[in-house]
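Chemist: Before anything else, here's the structure in question.
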There are 4 protein chains.
Amino acid sequence: MLIVMQKKATQDQVDRVVDAIESRKYQARPLPGGERVAIGVLYNKGAVDANMFSSMPGVKEVISVTRPYKLVSRELKADDTIINVGDLQIGGNNFVIMAGPCAIESYDQAITIAEAIVNKGAHMFRGGAYKPRTSPYSFQGLGEEGLEIMAKVREQTGMPIITEVMDLETFDQVESHSDIIQIGTRNMQNFSLLRRAGQSSKPIFLKRGMAATIDEWLMAAEYILEGGNTDVILCERGVRTFVNHSRNTLDISAVPVVKKETHLPIMIDPSHAGGHRDQVIPLSRASVAVGAHGIMVEVHHEPDKAMSDGGQSLYPDQFEQLCVQVEAIRQAI
Amino acid sequence: MLIVMQKKATQDQVDRVVDAIESRKYQARPLPGGERVAIGVLYNKGAVDANMFSSMPGVKEVISVTRPYKLVSRELKADDTIINVGDLQIGGNNFVIMAGPCAIESYDQAITIAEAIVNKGAHMFRGGAYKPRTSPYSFQGLGEEGLEIMAKVREQTGMPIITEVMDLETFDQVESHSDIIQIGTRNMQNFSLLRRAGQSSKPIFLKRGMAATIDEWLMAAEYILEGGNTDVILCERGVRTFVNHSRNTLDISAVPVVKKETHLPIMIDPSHAGGHRDQVIPLSRASVAVGAHGIMVEVHHEPDKAMSDGGQSLYPDQFEQLCVQVEAIRQAI
Amino acid sequence: MLIVMQKKATQDQVDRVVDAIESRKYQARPLPGGERVAIGVLYNKGAVDANMFSSMPGVKEVISVTRPYKLVSRELKADDTIINVGDLQIGGNNFVIMAGPCAIESYDQAITIAEAIVNKGAHMFRGGAYKPRTSPYSFQGLGEEGLEIMAKVREQTGMPIITEVMDLETFDQVESHSDIIQIGTRNMQNFSLLRRAGQSSKPIFLKRGMAATIDEWLMAAEYILEGGNTDVILCERGVRTFVNHSRNTLDISAVPVVKKETHLPIMIDPSHAGGHRDQVIPLSRASVAVGAHGIMVEVHHEPDKAMSDGGQSLYPDQFEQLCVQVEAIRQAI
Amino acid sequence: MLIVMQKKATQDQVDRVVDAIESRKYQARPLPGGERVAIGVLYNKGAVDANMFSSMPGVKEVISVTRPYKLVSRELKADDTIINVGDLQIGGNNFVIMAGPCAIESYDQAITIAEAIVNKGAHMFRGGAYKPRTSPYSFQGLGEEGLEIMAKVREQTGMPIITEVMDLETFDQVESHSDIIQIGTRNMQNFSLLRRAGQSSKPIFLKRGMAATIDEWLMAAEYILEGGNTDVILCERGVRTFVNHSRNTLDISAVPVVKKETHLPIMIDPSHAGGHRDQVIPLSRASVAVGAHGIMVEVHHEPDKAMSDGGQSLYPDQFEQLCVQVEAIRQAI
């Protein structure tokens, strides 16, 4: 961290900043320049809060130099983390397709969709049992019954399953049924949930918060690794911007940046990013081309009747077409 | 809701949309126009998900007409909700100042700050016992010990207290100590927490999510009212935008809009919005002038040594000056 | 356009809105509903300004139904516009690569770069003669000398050239030298410039404004078509959001949306979107995969010494590698 | 500027960065740290482009230390700039109210509005003669006739006038009629226009670009001062964000930040920020309370019939009420 003083800062103000640094057990190293003094803050473990210094008298601005995360950093661990789910490998040179309905509505719905995708390219089955819904009046998911349906689908199709966890109370339940546990965009900074995930034996699928910077996202992953669980998959699903033609704005350049910063795998959810069926196939092609480790897409056999997110769900034949295109691009790059 | 068909939509496509509407128990009312057909969706209870229809063949776009919220709506309840905390009234024509440190660090720190503000204009004492922190390596709060310190401060100064709850596990604890329970920006859509808050006997202070629209924010409040707790105070604390000179961008026009849409009180947190001490006093003046029902500000007697958010905390004498200015503006308007 | 009245709107308020509509020569068609009245505005030519009605007494909200653009709309012209520049075709199934330095610095620099890319995949040569620079103290381009250098490069390499125009005063000059005229992101709503472009005989390359919605962008193109010039190429170059890891946020889903809405070609500028060399190749791969009609990339033989945007310029061998990858993906899809 | 090298950067990579710095005539000063090297760039005049270095091998990130602007900086000139327009003073402790219609529609319209506001608190008369409109089909203003109407209004009411200039071609015309020349949000980075404004003898009213940072805004002002015109008034008018309840998001904390960074006056345009009549009065109160040097508001005697922006225009009696409230707050602070 570098603290830049104002041109007219007095020696007393500089000293006071140095004291504030040292009172927190960091080292202060003043760097006199032509017009103004800057003060380096050295040997800090973890993050130093820039806010502490930015409003002290004489301070012009505070600049962070090092990244706040440690365990997720590629500087710490250079080689890609590969996560094993049965025979499936996520990360490295593998490309994984997770597919299924937004919400599990019934056994018939779930098995119909699963059988439509299992041999067409899907590696894992996704579906919501506990659903975070903006409105308390919307369908909230089947809960434990939904988890049991998913387990039955796994048994019959051989696909491992992934579903979202919403709170500490139902964590054990989700953990016992699911092969990968999803933490959704609204819970990316639910730190109690992250701490619990850090103690889980299952891989965690951590969606980016809709207004999270990459630093904040990787810090959320750091919570999980710090708790002891090193199997974290990141998932970019679009961020909130002024743009109104898609549900969210897919931040596709996050993929090369995240791959440079961390050893963890990164996937893309084009369904929630686009929010309209027409956008999902092009965004999926872009996802594999940009270098993501996989995609998660919503598929429904009767999207017009789906209980949530029907408009962004693919028809099964569109999903099949998507898998063909994605595979062709994979071969090309 | 209004579903606008493409110019070239076939009768078959129109019929299919009508079917999709009616299969969900809504009424469909086609509205033929000069160039294209639009279909109204009538008598829906709660929200209809626009996504269901937006990608159906022949559909150009889907437009929501009614607001998704009910209980929080001023159309339902025209007069302001007034919330009583002891002798204190929040809402209506009252203006409330909540102040205190970001985090409770020790009894000495808490009581020092509380005594510095109690007769200067502060009506309530704020402080964090459980702290949501971006980094797992940052100070996470004193937990239950912090709650007990706050209770002691209340006893000695007479100020009611407000503190944040982070999860279901510690909800009872926070509820039993605190006079108002805060739900922070990162938990605005933690629906499990909102449902628990709906069963609480204490008022809930609901901060706006940093990327939430007013609709989403009011829907979060709707969860609490729907659960049975009608005492909700909304708090605007800045949203995330491209702007980089303040910690967040204070969306000050949210105040007149929220006051028009809902009967619930709305306050402003200028400390988290600005993020720099220099901005807090001007933003506080603007908050009272724009018509907010109160402000929540951070104060610390030694901000350079504060364990979190020191840079945005006011010195006690600045707080005193702030209260004088705020009161003067209140008299003026 | 649909004007939704409040539940308690009086008949008098409804009448007043109807009058306001008809006084502007539109037709008003009231649509009584269960709980409230809505009023349709019919047969409007061009756009109706929602603002006119949104604050009238009794009005709850105003909703636009039809798109404001006409000539650029695919509803008007179903087949793709193909733009011919010599033997080169832009639009339809063609994929075009425009490459070259950010700024023309000297003849030696320009020809060195042009020769390094001409047989490696570049179809056109780009370079800035007049440069829009945030700072008045930055290098502002060589002006007319730069245009002459570009013309010489065209003569020697056979590549057509594209360069940016900044104002009416230098428009003729740029028009006489350049094969395609670029209007940059900061001038997307410089309406005087757009009107002049509408009278040009050269194709216009219209970059998206950094905060423009797709509607606004297409309306800017509409200015040019309305003036008589139907050869417009759109270029997505990233929008401004809270995201800070790339120079701008590439809004990649704009491609399928724009292709649906308009018959005009759409290209991507991954250099300005990413802003860092490491992001340019992955974003280029994503651009072709998503279905763009081409890319514009910055290349420099000595980026460390470039007078602008060196950090986002590719080395010639990286450009060659990019072209190979792009071509492979093109074959695959 | 500070260039932070990666932990594993080689000495050769460090040397190469030093060369790149020195080849641009700056001084390089390597600062070896515990884990990595950082290199300071010293004695640069004007701005150094961070992009030049950020993608060089071994570079982790590049950090700007000094502000890019000089002449507008309060570090250069400590006391407030006061701009005189006849007897009117803008800046310092003065508070100015500019009011009038969005567009000049006719002499009758203009004089009716002007006479309704002249003794109610308005100091200057605003109105658009050349109008930047998103659609080519919208009313584009009366042009020179509008300017002549405004001049007549000035003559009859004594109020100085302000109107927008859109291009170089009409600059002389606008300059000769107007007392202050407005450059609109879409032209904030129209550098040709800024250079022309730098040579004007009239004060320039520079609206913030809807996606501009404060740095970029002050750099646009720097263009004008660098050209020789030191009379620049800044005007915050809202920025573009995801927020959809107001036309733009008023970035009210820009006021204290701008006042700290520059000696130039800063005003607020609550009409364009809010975009709805209901928001204009509360935002005006907030503007004076936060410390702005004035406001610009739209007033129309028949807003339902206005040719542009009717929905955000105040009725004359609302304007009068606004002036009373604003004055009361001014007295209070």
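Identifiers for the structure tokens are assigned positionally: chains receive A, B, ... in sequence, residues are indexed from 1 per chain, and ligands are indexed from 1 in the order shown.
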Which residues of chain A have any atom within 8 Å of an atom in chain C when counting only C-alpha atoms, and what is the closest pair of atoms for each, with the distance in Å to one decimal? Order the rows by chain and rising number and write it as a tab-separated table.

Modeler:
residue	atom	partner	partner_atom	distance
A:Ala211	CA	C:Phe242	CA	7.7
A:Thr213	CA	C:Val243	CA	6.1
A:Ile214	CA	C:His245	CA	7.5
A:Thr241	CA	C:Thr241	CA	5.9
A:Phe242	CA	C:Thr241	CA	7.7
A:Val243	CA	C:Thr213	CA	6.1
A:Asn244	CA	C:Thr213	CA	7.2
A:His245	CA	C:Val257	CA	7.4
A:Ser246	CA	C:Ser253	CA	7.2
A:Thr249	CA	C:Asp251	CA	6.4
A:Leu250	CA	C:Asp251	CA	6.8
A:Asp251	CA	C:Thr249	CA	6.4
A:Ile252	CA	C:Leu250	CA	7.1
A:Ser253	CA	C:Gln279	CA	6.6
A:Ala254	CA	C:His245	CA	7.7
A:Pro256	CA	C:Gln279	CA	6.2
A:Val257	CA	C:His245	CA	7.4
A:Gly274	CA	C:Ser253	CA	6.9
A:Asp278	CA	C:Pro256	CA	7.5
A:Gln279	CA	C:Pro256	CA	6.2
A:Pro282	CA	C:Val290	CA	4.7
A:Leu283	CA	C:Val290	CA	6.1
A:Arg285	CA	C:Ala289	CA	5.3
A:Ala286	CA	C:Ala286	CA	4.2
A:Ser287	CA	C:Ala286	CA	6.8
A:Val288	CA	C:Ala286	CA	7.8
A:Ala289	CA	C:Ala286	CA	5.0
A:Val290	CA	C:Pro282	CA	4.7
A:Gly291	CA	C:Pro282	CA	6.9
A:Gln325	CA	C:Ile333	CA	6.3
A:Ala328	CA	C:Ala332	CA	5.3
A:Ile329	CA	C:Ile329	CA	5.7
A:Ala332	CA	C:Ala328	CA	5.3
A:Ile333	CA	C:Gln325	CA	6.3

Chemist: Could you turn the residues from that selection into a file that holds N, CA, C and O atoms, as a tab-separated table (two decimals), in the first residue's frame?

Modeler:
chain	number	residue	atom	x	y	z
A	211	ALA	N	-22.82	-7.32	-8.36
A	211	ALA	CA	-22.09	-6.06	-8.36
A	211	ALA	C	-20.69	-6.24	-7.79
A	211	ALA	O	-20.08	-5.30	-7.30
A	213	THR	N	-16.66	-6.87	-7.74
A	213	THR	CA	-15.42	-6.83	-8.49
A	213	THR	C	-14.76	-8.20	-8.42
A	213	THR	O	-15.13	-9.05	-7.58
A	214	ILE	N	-13.77	-8.41	-9.26
A	214	ILE	CA	-13.07	-9.70	-9.21
A	214	ILE	C	-12.35	-9.85	-7.88
A	214	ILE	O	-12.32	-10.95	-7.30
A	241	THR	N	-25.43	-3.55	-14.84
A	241	THR	CA	-24.97	-2.30	-15.44
A	241	THR	C	-26.19	-1.54	-15.96
A	241	THR	O	-27.32	-1.99	-15.80
A	242	PHE	N	-25.94	-0.43	-16.64
A	242	PHE	CA	-27.05	0.34	-17.21
A	242	PHE	C	-27.67	-0.36	-18.42
A	242	PHE	O	-28.76	0.02	-18.87
A	243	VAL	N	-26.99	-1.36	-18.96
A	243	VAL	CA	-27.45	-2.03	-20.17
A	243	VAL	C	-28.77	-2.76	-19.91
A	243	VAL	O	-28.90	-3.48	-18.92
A	244	ASN	N	-29.74	-2.57	-20.81
A	244	ASN	CA	-31.07	-3.12	-20.54
A	244	ASN	C	-31.56	-4.14	-21.56
A	244	ASN	O	-32.71	-4.55	-21.51
A	245	HIS	N	-30.70	-4.54	-22.48
A	245	HIS	CA	-31.17	-5.49	-23.49
A	245	HIS	C	-30.92	-6.94	-23.07
A	245	HIS	O	-31.41	-7.86	-23.72
A	246	SER	N	-30.15	-7.13	-22.02
A	246	SER	CA	-29.97	-8.48	-21.49
A	246	SER	C	-30.24	-8.41	-19.99
A	246	SER	O	-30.22	-7.33	-19.39
A	249	THR	N	-25.20	-8.08	-17.64
A	249	THR	CA	-24.17	-7.90	-18.66
A	249	THR	C	-23.07	-8.92	-18.43
A	249	THR	O	-22.38	-8.88	-17.40
A	250	LEU	N	-22.94	-9.87	-19.37
A	250	LEU	CA	-21.91	-10.89	-19.22
A	250	LEU	C	-20.54	-10.22	-19.31
A	250	LEU	O	-20.19	-9.62	-20.33
A	251	ASP	N	-19.78	-10.34	-18.23
A	251	ASP	CA	-18.44	-9.73	-18.20
A	251	ASP	C	-17.44	-10.77	-18.68
A	251	ASP	O	-16.74	-11.41	-17.91
A	252	ILE	N	-17.37	-10.92	-19.99
A	252	ILE	CA	-16.63	-12.05	-20.55
A	252	ILE	C	-15.13	-11.91	-20.35
A	252	ILE	O	-14.41	-12.91	-20.27
A	253	SER	N	-14.63	-10.69	-20.23
A	253	SER	CA	-13.19	-10.54	-20.02
A	253	SER	C	-12.79	-10.97	-18.62
A	253	SER	O	-11.61	-11.05	-18.30
A	254	ALA	N	-13.77	-11.25	-17.77
A	254	ALA	CA	-13.44	-11.80	-16.45
A	254	ALA	C	-12.69	-13.12	-16.58
A	254	ALA	O	-11.87	-13.47	-15.74
A	256	PRO	N	-10.29	-14.38	-18.88
A	256	PRO	CA	-8.81	-14.33	-18.91
A	256	PRO	C	-8.21	-13.70	-17.65
A	256	PRO	O	-7.13	-14.12	-17.21
A	257	VAL	N	-8.90	-12.73	-17.07
A	257	VAL	CA	-8.35	-12.09	-15.88
A	257	VAL	C	-8.33	-13.07	-14.70
A	257	VAL	O	-7.32	-13.21	-14.01
A	274	GLY	N	-27.65	-13.67	-20.18
A	274	GLY	CA	-28.48	-13.14	-21.26
A	274	GLY	C	-29.92	-12.91	-20.84
A	274	GLY	O	-30.49	-11.84	-21.06
A	278	ASP	N	-32.70	-16.38	-27.03
A	278	ASP	CA	-31.95	-16.07	-28.25
A	278	ASP	C	-30.48	-15.77	-28.00
A	278	ASP	O	-29.67	-15.84	-28.92
A	279	GLN	N	-30.18	-15.34	-26.79
A	279	GLN	CA	-28.80	-14.96	-26.51
A	279	GLN	C	-27.96	-16.13	-26.00
A	279	GLN	O	-26.73	-16.06	-25.97
A	282	PRO	N	-25.39	-18.03	-28.72
A	282	PRO	CA	-24.21	-17.22	-29.04
A	282	PRO	C	-23.29	-17.00	-27.83
A	282	PRO	O	-22.06	-17.07	-27.97
A	283	LEU	N	-23.86	-16.75	-26.66
A	283	LEU	CA	-23.02	-16.53	-25.48
A	283	LEU	C	-22.28	-17.81	-25.08
A	283	LEU	O	-21.16	-17.76	-24.58
A	285	ARG	N	-21.22	-20.11	-27.21
A	285	ARG	CA	-20.09	-20.21	-28.14
A	285	ARG	C	-18.95	-19.28	-27.71
A	285	ARG	O	-17.79	-19.64	-27.72
A	286	ALA	N	-19.33	-18.06	-27.32
A	286	ALA	CA	-18.31	-17.11	-26.87
A	286	ALA	C	-17.60	-17.61	-25.62
A	286	ALA	O	-16.41	-17.40	-25.44
A	287	SER	N	-18.34	-18.30	-24.76
A	287	SER	CA	-17.77	-18.78	-23.49
A	287	SER	C	-16.66	-19.79	-23.72
A	287	SER	O	-15.60	-19.73	-23.10
A	288	VAL	N	-16.91	-20.72	-24.62
A	288	VAL	CA	-15.86	-21.72	-24.88
A	288	VAL	C	-14.70	-21.06	-25.62
A	288	VAL	O	-13.53	-21.33	-25.33
A	289	ALA	N	-15.00	-20.14	-26.52
A	289	ALA	CA	-13.94	-19.49	-27.28
A	289	ALA	C	-13.05	-18.63	-26.40
A	289	ALA	O	-11.84	-18.53	-26.63
A	290	VAL	N	-13.61	-18.03	-25.37
A	290	VAL	CA	-12.81	-17.13	-24.53
A	290	VAL	C	-11.92	-17.91	-23.57
A	290	VAL	O	-10.99	-17.36	-23.00
A	291	GLY	N	-12.22	-19.21	-23.40
A	291	GLY	CA	-11.36	-20.03	-22.57
A	291	GLY	C	-11.94	-20.46	-21.24
A	291	GLY	O	-11.20	-20.92	-20.36
A	325	GLN	N	-22.07	-27.13	-31.44
A	325	GLN	CA	-21.29	-25.93	-31.74
A	325	GLN	C	-20.14	-25.74	-30.76
A	325	GLN	O	-19.01	-25.40	-31.14
A	328	ALA	N	-17.36	-28.13	-31.51
A	328	ALA	CA	-16.61	-27.74	-32.71
A	328	ALA	C	-15.60	-26.64	-32.39
A	328	ALA	O	-14.45	-26.68	-32.85
A	329	ILE	N	-16.02	-25.68	-31.58
A	329	ILE	CA	-15.10	-24.59	-31.23
A	329	ILE	C	-13.98	-25.12	-30.35
A	329	ILE	O	-12.82	-24.74	-30.50
A	332	ALA	N	-11.41	-26.46	-32.35
A	332	ALA	CA	-10.71	-25.47	-33.17
A	332	ALA	C	-9.62	-24.73	-32.40
A	332	ALA	O	-8.62	-24.33	-32.98
A	333	ILE	N	-9.82	-24.58	-31.09
A	333	ILE	CA	-8.87	-23.74	-30.37
A	333	ILE	C	-7.81	-24.56	-29.63
A	333	ILE	O	-7.88	-25.73	-29.52

Chemist: Name the residues in contact with Pro303 of chain C at a cut-off of 7 Å, using only C-alpha atoms, excluding same-chain residues fewer than 5 positions from it; report them as an MDAnalysis selection string.

Modeler: chainID C and resid 310:311 313

Chemist: Please save N, CA and C atoms of the selected residues as a compact mmCIF listing (two decimals), in the first residue's frame.

Modeler:
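part.txt written:
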# COMPACT_ATOMS: atom_id res chain seq x y z
N GLY C 310 -0.28 1.86 -25.99
CA GLY C 310 0.69 0.78 -26.19
C GLY C 310 0.31 -0.49 -25.46
N GLY C 311 -0.22 -0.34 -24.25
CA GLY C 311 -0.49 -1.50 -23.42
C GLY C 311 -1.56 -2.42 -23.96
N SER C 313 -1.92 -2.80 -27.36
CA SER C 313 -1.55 -3.18 -28.72
C SER C 313 -0.86 -4.55 -28.73

Chemist: Quick one: pull the distance between atom CA of Ile181 of chain D and atom CA of Asn94 of chain D, Å, one decimal.

Modeler: 19.6 Å

Chemist: Just give me the gap between atom CA of Met166 of chain D and atom CA of Gln182 of chain D in Å, one decimal is fine.

Modeler: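 So the answer is 8.9 Å.
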
Chemist: Find the residues around Asn190 of chain C up to 7 Å (only C-alpha atoms counted), leave out those fewer than 4 positions away in its own chain, and share them as a short mmCIF file (atom, residue, chain, number, x, y, z; two decimals) with N, CA and C atoms, in the first residue's frame.

Modeler:
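Generated output (result-v4.cif):
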data_model
loop_
_atom_site.label_atom_id
_atom_site.label_comp_id
_atom_site.auth_asym_id
_atom_site.auth_seq_id
_atom_site.Cartn_x
_atom_site.Cartn_y
_atom_site.Cartn_z
N LEU C 194 -23.01 13.46 -37.16
CA LEU C 194 -23.83 12.39 -37.73
C LEU C 194 -24.56 12.89 -38.99
N ARG D 186 -23.36 15.34 -23.94
CA ARG D 186 -22.89 14.50 -25.05
C ARG D 186 -21.65 15.07 -25.72
N ASN D 187 -21.36 16.33 -25.47
CA ASN D 187 -20.19 16.97 -26.07
C ASN D 187 -19.07 17.23 -25.08
#

Chemist: For segment 153-159 of chain D, please output as a JSON list (two decimals) with N, CA, C and O atoms, in the first residue's frame all residues within 10 Å (counting only C-alpha atoms; exclusion window: fewer than 4 positions along the same chain).

Modeler:
[["chain", "number", "residue", "atom", "x", "y", "z"],
["D", 86, "GLY", "N", -22.34, 40.39, -16.09],
["D", 86, "GLY", "CA", -23.02, 41.62, -15.68],
["D", 86, "GLY", "C", -22.83, 41.78, -14.18],
["D", 86, "GLY", "O", -21.70, 41.69, -13.68],
["D", 88, "LEU", "N", -24.04, 39.82, -12.01],
["D", 88, "LEU", "CA", -24.17, 38.51, -11.37],
["D", 88, "LEU", "C", -22.78, 37.92, -11.10],
["D", 88, "LEU", "O", -21.89, 38.01, -11.93],
["D", 98, "MET", "N", -30.53, 29.38, -12.50],
["D", 98, "MET", "CA", -30.79, 29.55, -13.92],
["D", 98, "MET", "C", -32.07, 28.76, -14.22],
["D", 98, "MET", "O", -32.17, 27.61, -13.83],
["D", 107, "TYR", "N", -41.58, 33.11, -29.42],
["D", 107, "TYR", "CA", -41.38, 34.29, -28.58],
["D", 107, "TYR", "C", -42.41, 34.32, -27.46],
["D", 107, "TYR", "O", -42.06, 34.58, -26.29],
["D", 108, "ASP", "N", -43.63, 34.00, -27.76],
["D", 108, "ASP", "CA", -44.66, 34.03, -26.74],
["D", 108, "ASP", "C", -44.37, 33.07, -25.59],
["D", 108, "ASP", "O", -44.53, 33.42, -24.41],
["D", 110, "ALA", "N", -41.47, 31.89, -24.72],
["D", 110, "ALA", "CA", -40.27, 32.30, -23.99],
["D", 110, "ALA", "C", -40.55, 33.46, -23.04],
["D", 110, "ALA", "O", -40.18, 33.43, -21.86],
["D", 111, "ILE", "N", -41.23, 34.47, -23.54],
["D", 111, "ILE", "CA", -41.44, 35.65, -22.70],
["D", 111, "ILE", "C", -42.43, 35.34, -21.58],
["D", 111, "ILE", "O", -42.29, 35.85, -20.45],
["D", 112, "THR", "N", -43.40, 34.48, -21.86],
["D", 112, "THR", "CA", -44.36, 34.09, -20.82],
["D", 112, "THR", "C", -43.63, 33.43, -19.65],
["D", 112, "THR", "O", -43.85, 33.75, -18.48],
["D", 113, "ILE", "N", -42.76, 32.50, -19.99],
["D", 113, "ILE", "CA", -42.03, 31.81, -18.92],
["D", 113, "ILE", "C", -41.07, 32.77, -18.22],
["D", 113, "ILE", "O", -40.98, 32.80, -16.99],
["D", 114, "ALA", "N", -40.37, 33.56, -19.00],
["D", 114, "ALA", "CA", -39.38, 34.48, -18.41],
["D", 114, "ALA", "C", -40.04, 35.44, -17.44],
["D", 114, "ALA", "O", -39.53, 35.70, -16.33],
["D", 115, "GLU", "N", -41.19, 35.96, -17.82],
["D", 115, "GLU", "CA", -41.85, 36.92, -16.93],
["D", 115, "GLU", "C", -42.42, 36.24, -15.69],
["D", 115, "GLU", "O", -42.56, 36.87, -14.64],
["D", 117, "ILE", "N", -40.88, 33.96, -14.03],
["D", 117, "ILE", "CA", -39.80, 33.56, -13.10],
["D", 117, "ILE", "C", -38.89, 34.72, -12.69],
["D", 117, "ILE", "O", -38.18, 34.63, -11.70],
["D", 118, "VAL", "N", -38.93, 35.83, -13.44],
["D", 118, "VAL", "CA", -37.88, 36.85, -13.26],
["D", 118, "VAL", "C", -37.86, 37.46, -11.86],
["D", 118, "VAL", "O", -36.77, 37.69, -11.31],
["D", 119, "ASN", "N", -38.97, 37.64, -11.27],
["D", 119, "ASN", "CA", -38.94, 38.22, -9.92],
["D", 119, "ASN", "C", -39.19, 37.20, -8.83],
["D", 119, "ASN", "O", -39.44, 37.54, -7.68],
["D", 122, "ALA", "N", -35.26, 33.66, -10.15],
["D", 122, "ALA", "CA", -34.36, 33.31, -11.26],
["D", 122, "ALA", "C", -33.36, 34.44, -11.51],
["D", 122, "ALA", "O", -33.74, 35.61, -11.58],
["D", 123, "HIS", "N", -32.09, 34.06, -11.66],
["D", 123, "HIS", "CA", -31.05, 35.05, -11.97],
["D", 123, "HIS", "C", -30.71, 35.09, -13.44],
["D", 123, "HIS", "O", -30.24, 36.09, -13.97],
["D", 124, "MET", "N", -30.88, 33.95, -14.11],
["D", 124, "MET", "CA", -30.56, 33.86, -15.53],
["D", 124, "MET", "C", -31.65, 33.08, -16.23],
["D", 124, "MET", "O", -32.33, 32.24, -15.63],
["D", 125, "PHE", "N", -31.78, 33.31, -17.54],
["D", 125, "PHE", "CA", -32.79, 32.63, -18.34],
["D", 125, "PHE", "C", -32.10, 31.58, -19.23],
["D", 125, "PHE", "O", -31.16, 31.90, -19.94],
["D", 126, "ARG", "N", -32.54, 30.36, -19.11],
["D", 126, "ARG", "CA", -31.98, 29.29, -19.93],
["D", 126, "ARG", "C", -33.00, 28.87, -21.00],
["D", 126, "ARG", "O", -34.21, 29.07, -20.84],
["D", 147, "LEU", "N", -32.17, 31.94, -30.81],
["D", 147, "LEU", "CA", -31.19, 32.83, -30.18],
["D", 147, "LEU", "C", -31.69, 34.26, -30.14],
["D", 147, "LEU", "O", -31.54, 34.97, -29.13],
["D", 148, "GLU", "N", -32.33, 34.68, -31.24],
["D", 148, "GLU", "CA", -32.83, 36.05, -31.28],
["D", 148, "GLU", "C", -33.98, 36.26, -30.30],
["D", 148, "GLU", "O", -34.10, 37.32, -29.67],
["D", 149, "ILE", "N", -34.81, 35.25, -30.16],
["D", 149, "ILE", "CA", -35.88, 35.33, -29.16],
["D", 149, "ILE", "C", -35.29, 35.49, -27.76],
["D", 149, "ILE", "O", -35.73, 36.33, -26.97],
["D", 178, "SER", "N", -25.23, 34.78, -26.63],
["D", 178, "SER", "CA", -25.40, 34.23, -25.28],
["D", 178, "SER", "C", -24.43, 34.86, -24.28],
["D", 178, "SER", "O", -23.32, 35.24, -24.63],
["D", 179, "ASP", "N", -24.86, 34.96, -23.03],
["D", 179, "ASP", "CA", -23.97, 35.47, -21.99],
["D", 179, "ASP", "C", -23.08, 34.38, -21.42],
["D", 179, "ASP", "O", -21.96, 34.64, -21.01]]

Chemist: Taking the chain letters and numbering used in this document, name the residues of segment 11-256 of chain B that DSSP puts in alpha helix (DSSP H), as a PyMOL selection string.

Modeler: chain B and resi 11-22+51-54+107-117+144-157+171-177+191-198+214-227+254-256

Chemist: List the neighbours of Phe95 of chain C out to 9 Å using only C-alpha atoms; skip same-chain residues closer than 3 positions along the sequence, and give me the result as a PDB file with C-alpha atoms, in the first residue's frame.

Modeler:
ATOM      1  CA  GLN C  89     -17.389  -7.197 -48.288  1.00  0.00           C
ATOM      2  CA  ILE C  90     -18.556  -6.317 -44.789  1.00  0.00           C
ATOM      3  CA  GLY C  91     -21.737  -7.857 -43.371  1.00  0.00           C
ATOM      4  CA  GLY C  92     -23.625 -11.053 -44.139  1.00  0.00           C
ATOM      5  CA  MET C 267     -18.112  -5.588 -35.416  1.00  0.00           C
ATOM      6  CA  VAL C 288     -15.992 -14.447 -33.851  1.00  0.00           C
ATOM      7  CA  ALA C 292     -19.782 -10.575 -35.017  1.00  0.00           C
ATOM      8  CA  HIS C 293     -19.053  -9.498 -38.594  1.00  0.00           C
ATOM      9  CA  GLY C 294     -15.475  -8.607 -37.805  1.00  0.00           C
ATOM     10  CA  ILE C 295     -12.991  -7.157 -35.345  1.00  0.00           C
ATOM     11  CA  ARG C 330     -14.911 -19.376 -38.175  1.00  0.00           C
TER      12      ARG C 330
END

Chemist: Do you know which residues are at most 8 Å from segment 127-141 of chain D counting only C-alpha atoms, after dropping those on the same chain fewer than 6 positions away, and could you put them as JSON, numbers by chain?

Modeler: {"C": [46, 47, 68, 69, 189, 190, 191, 216, 219, 220, 222, 223, 226], "D": [100, 101, 102, 103, 104, 105, 147, 150, 162, 163, 164, 165, 166, 307, 308]}
